[in-house]
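K.L.:
Can you read through this structure? Questions will come right after.
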Amino acid sequence: MRFLLDDEQRAFAHSLDALLTAADTPSVVRSWSAGDHTAGRALWSRIADAGVFALAVPEAYEGVGPLPVELAVAFVELGRHAVPGPLVETVAAPALLTEPGLAKRFLPGLASGKTIATVALDGSYALDGDAATLHLTVEGGEDGGELRLAQWHGHGQGQEHGPVRTSMDPARRLTRLQEDGGELLAAGPQVTAAAAHSLTWARLATAAQALGVGLTLLDRTVAYVKQRSQFGVPIGSFQAVKHRLADAKVALEFARPLLFGAALTMDPADVAAAKVTACEAAYTTARTALQLHGAIGYTAEYDLSLWLTKARALRTAWGTPGECRELVLR
């Protein structure tokens with residue numbers, strides 16, 4: 001089956017690409033990695049103005065969605081430009097906040113970009129707790145799950161960033177949220193169901209982000225092998241190099257229809273298949289890019305590293321390849 005974007009969806013992608021190209025995202029990523037969120041928050045506002053976060057929020061709460069296909073289109077572009085921040089978490093949070101009182105309280109802020117959300121499921125680390133303004137945790141229980149408005153550990157403890165877990169991607173700051181004592185927002189079997197739906201949204205956005213990361217790695221590597229020469233000719237003319245790049249291209253193009261097919265069905269197994277395929281394709285492309293760039297690819301100062309590390313980190317975010325494959329097989 002062929003999945004082709006319509007004119008409006010392509011125009012949306014082009015507008016986001018233009019916005020992010022003008023934003024000089026590599027400098028934004030480096031600042032974010034150092035704990036300076038000023039430029040990142042400014043870019044976040046422009047992304048929100050473009051309507052990205054509203055795609056996950058129903059119209060009744062000042063959104064335009066839910067529109068998973070358009071969300072996938074947007075996250076491919078966010079991945080292509082390596083935009084930092086809890087982007088996935090912010091579009092996954094609305095699925096946890098479907099109860100009318102909670103939706104009215106939180107969803108308009110998420111849609112407008114004024115609220116930056118991070119989410120931790122079953123005690124996991126939350127992404128960018130130091131930058132988020134809404135911290136949500138879900139814990140399982142015998143009678144269903146509990147959704148709480150958590151506190152970030154760094155608040156009120158004289159710590160600048162609180163406990164931070166190192167990630168392969170310096171722009172992904174993983175932090176522990178304080179679970180005890182947070183406001184109980186909802187409890188029961190409906191929370192468990194909402195958490196599963198939120199996980200599906202998170203995996204879809206992660207898959208799209210990974211596909212975008214892989215596409216940029218491929219584009220940059222193709223441009224590089226045309227310029228770098230050995231034995232008096234560009235290395236891109238070598239058959240072995242062509243084969244490596246062709247394999248990466250095929251893997252990425254194979255992931256694309258799985259991604260948009262999953263966005264149409266939003267079936268958890270379809271989304272899991274799209275995530276593992278897109279993330280493995282991006283990871284394979286990252287390995288190829290690193291090898292063909294040689295020693296320069298290992299340097300943190302070279303912009304390629306921003307995509308290399310993100311490809312590795314996204315591979316296990318919101319479900320390892322093994323976990324996603326297990327869901328597909330079931």
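For the structure tokens, the naming scheme is as follows: chains receive sequential letters (A, B, ...) according to their order of presentation, residues are indexed from 1 within each chain, and ligands are indexed from 1 in presentation order.
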Write out as a PyMOL selection string each polymer residue whose atoms come within 8 Å of Leu110 (chain A), counting only C-alpha atoms; drop sequence neighbours fewer than 2 positions from it.
P.N.:
chain A and resi 53-54+57+90-91+94+106-108+112-117
K.L.:
So which bits of region 253-309 of chain A end up alpha helix (DSSP H) when you DSSP the backbone, as a PyMOL selection string?
P.N.:
chain A and resi 253-265+268-293+304-309
K.L.:
Select from region 218-275 of chain A everything DSSP, run on the backbone, classes as strand (DSSP E), then give the selection as a list of chain:residue names.
P.N.:
A:Ser229, A:Gln230, A:Val233, A:Pro234
K.L.:
I need the residues from that last selection saved to file as a CSV table (one decimal), in the first residue's frame (with C-alpha atoms), if you can.
P.N.:
```csv
chain,number,residue,atom,x,y,z
A,229,SER,CA,38.5,12.5,-1.6
A,230,GLN,CA,40.9,9.5,-1.5
A,233,VAL,CA,38.5,10.8,-6.3
A,234,PRO,CA,35.5,11.4,-4.1
```
K.L.:
Write out as a list in words the residues lying within 7 Å of Val28 (chain A), counting only C-alpha atoms and excluding same-chain residues fewer than 3 positions away.
P.N.:
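The filter keeps Asp24, Thr25, Ser31, Trp32, Ala39 and Gly40 of chain A.
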K.L.:
Rank A:Asp169, A:Glu146, A:Glu280, A:Glu323 by their smallest atom-to-atom distance to Thr309 (chain A), using only C-alpha atoms, and report the top residue only.
P.N.:
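Once distances to Thr309 (chain A) are computed over only C-alpha atoms, the minimum belongs to A:Asp169.
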K.L.:
Using only C-alpha atoms, can you tell me which of A:Val52, A:Ala202, A:Met266, A:Ala187 comes closest to Val119 (chain A)?
P.N.:
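With only C-alpha atoms as the atom set, the closest residue is A:Ala202.
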K.L.:
What does the distance between CA of Pro84 (chain A) and CA of Leu185 (chain A) come to in Å, to one decimal place?
P.N.:
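Between these atoms lies a distance of 28.0 Å.
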K.L.:
Excluding Leu217 (chain A) and residues on its chain fewer than 4 positions from it, collect all residues at most 9 Å away from it, counting only C-alpha atoms, and give them as an mmCIF file with N, CA, C and O atoms, in the first residue's frame.
P.N.:
```cif
data_model
loop_
_atom_site.group_PDB
_atom_site.id
_atom_site.type_symbol
_atom_site.label_atom_id
_atom_site.label_comp_id
_atom_site.auth_asym_id
_atom_site.auth_seq_id
_atom_site.Cartn_x
_atom_site.Cartn_y
_atom_site.Cartn_z
ATOM 1 N N ARG A 80 14.350 15.733 11.968
ATOM 2 C CA ARG A 80 15.301 16.165 10.939
ATOM 3 C C ARG A 80 16.163 17.315 11.430
ATOM 4 O O ARG A 80 17.313 17.465 11.026
ATOM 5 N N GLY A 212 13.046 11.129 11.000
ATOM 6 C CA GLY A 212 13.627 12.414 10.627
ATOM 7 C C GLY A 212 15.106 12.487 10.918
ATOM 8 O O GLY A 212 15.887 13.022 10.113
ATOM 9 N N VAL A 213 15.524 11.955 12.062
ATOM 10 C CA VAL A 213 16.946 11.918 12.417
ATOM 11 C C VAL A 213 17.722 11.125 11.364
ATOM 12 O O VAL A 213 18.778 11.553 10.882
ATOM 13 N N THR A 221 25.531 12.704 5.152
ATOM 14 C CA THR A 221 26.589 11.774 4.773
ATOM 15 C C THR A 221 26.769 11.732 3.257
ATOM 16 O O THR A 221 27.899 11.683 2.761
ATOM 17 N N VAL A 222 25.673 11.753 2.519
ATOM 18 C CA VAL A 222 25.768 11.795 1.055
ATOM 19 C C VAL A 222 26.527 13.045 0.607
ATOM 20 O O VAL A 222 27.403 12.986 -0.270
ATOM 21 N N ALA A 282 17.174 4.342 11.693
ATOM 22 C CA ALA A 282 17.959 5.522 12.070
ATOM 23 C C ALA A 282 19.282 5.120 12.706
ATOM 24 O O ALA A 282 20.323 5.736 12.443
ATOM 25 N N THR A 285 21.603 3.881 10.023
ATOM 26 C CA THR A 285 22.101 5.030 9.264
ATOM 27 C C THR A 285 23.144 5.796 10.068
ATOM 28 O O THR A 285 24.132 6.294 9.505
ATOM 29 N N ALA A 286 22.947 5.888 11.376
ATOM 30 C CA ALA A 286 23.924 6.569 12.224
ATOM 31 C C ALA A 286 25.267 5.850 12.197
ATOM 32 O O ALA A 286 26.333 6.484 12.131
ATOM 33 N N THR A 288 26.418 3.981 9.788
ATOM 34 C CA THR A 288 26.993 4.220 8.463
ATOM 35 C C THR A 288 27.577 5.623 8.378
ATOM 36 O O THR A 288 28.692 5.820 7.858
ATOM 37 N N ALA A 289 26.835 6.606 8.886
ATOM 38 C CA ALA A 289 27.304 7.989 8.852
ATOM 39 C C ALA A 289 28.601 8.153 9.630
ATOM 40 O O ALA A 289 29.536 8.836 9.184
ATOM 41 N N LEU A 304 27.244 16.826 13.220
ATOM 42 C CA LEU A 304 26.709 15.484 12.978
ATOM 43 C C LEU A 304 26.454 14.738 14.279
ATOM 44 O O LEU A 304 25.519 13.934 14.371
ATOM 45 N N TRP A 307 22.903 14.477 15.808
ATOM 46 C CA TRP A 307 21.972 13.489 15.267
ATOM 47 C C TRP A 307 22.423 12.070 15.594
ATOM 48 O O TRP A 307 21.593 11.193 15.803
ATOM 49 N N LEU A 308 23.723 11.838 15.629
ATOM 50 C CA LEU A 308 24.234 10.506 15.959
ATOM 51 C C LEU A 308 23.777 10.064 17.345
ATOM 52 O O LEU A 308 23.286 8.943 17.537
#
```
K.L.:
With distances taken over only C-alpha atoms, which residue among A:Gly123, A:Pro68, A:Pro257, A:Gly297 lies nearest Ala56 (chain A)?
P.N.:
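Among A:Gly123, A:Pro68, A:Pro257, A:Gly297, it is A:Pro68 that comes nearest to Ala56 (chain A).
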K.L.:
From the options A:Glu326, A:Glu77, A:Glu70, A:Glu139, which residue's atoms come nearest to Ala195 (chain A), counting only C-alpha atoms?
P.N.:
A:Glu139
K.L.:
Please report, as CSV, each residue of region 193-287 of chain A lying at most 10 Å from region 317-321 of chain A, together with the nearest pair of atoms and the separation in Å rounded to one decimal; use only C-alpha atoms, and order rows by chain and ascending residue number.
P.N.:
```
residue,atom,partner,partner_atom,distance
A:Leu199,CA,A:Trp318,CA,7.1
A:Thr200,CA,A:Trp318,CA,9.1
A:Trp201,CA,A:Trp318,CA,10.0
A:Ala202,CA,A:Trp318,CA,6.7
A:Arg203,CA,A:Trp318,CA,6.0
A:Leu204,CA,A:Trp318,CA,9.7
A:Ala205,CA,A:Trp318,CA,10.0
A:Thr206,CA,A:Ala317,CA,7.5
A:Ala207,CA,A:Ala317,CA,9.7
A:Ala272,CA,A:Gly319,CA,8.4
A:Ala273,CA,A:Pro321,CA,9.2
A:Lys275,CA,A:Pro321,CA,8.1
A:Val276,CA,A:Pro321,CA,5.3
A:Thr277,CA,A:Pro321,CA,8.6
A:Cys279,CA,A:Pro321,CA,8.2
A:Glu280,CA,A:Pro321,CA,7.9
```
K.L.:
Print the selection's residues with C-alpha atoms to a file, as a CSV table (one decimal), in the first residue's frame.
P.N.:
```csv
chain,number,residue,atom,x,y,z
A,199,LEU,CA,2.3,5.1,25.3
A,200,THR,CA,1.0,4.5,21.8
A,201,TRP,CA,1.1,8.2,21.1
A,202,ALA,CA,4.6,8.5,22.5
A,203,ARG,CA,5.9,5.6,20.4
A,204,LEU,CA,4.3,7.1,17.2
A,205,ALA,CA,6.0,10.5,17.8
A,206,THR,CA,9.3,8.8,18.7
A,207,ALA,CA,9.2,6.7,15.5
A,272,ALA,CA,5.3,-0.7,17.9
A,273,ALA,CA,6.3,-2.1,14.5
A,275,LYS,CA,8.8,2.4,16.1
A,276,VAL,CA,11.2,-0.5,16.0
A,277,THR,CA,11.6,-0.2,12.2
A,279,CYS,CA,14.5,3.5,15.2
A,280,GLU,CA,16.5,0.6,13.8
```
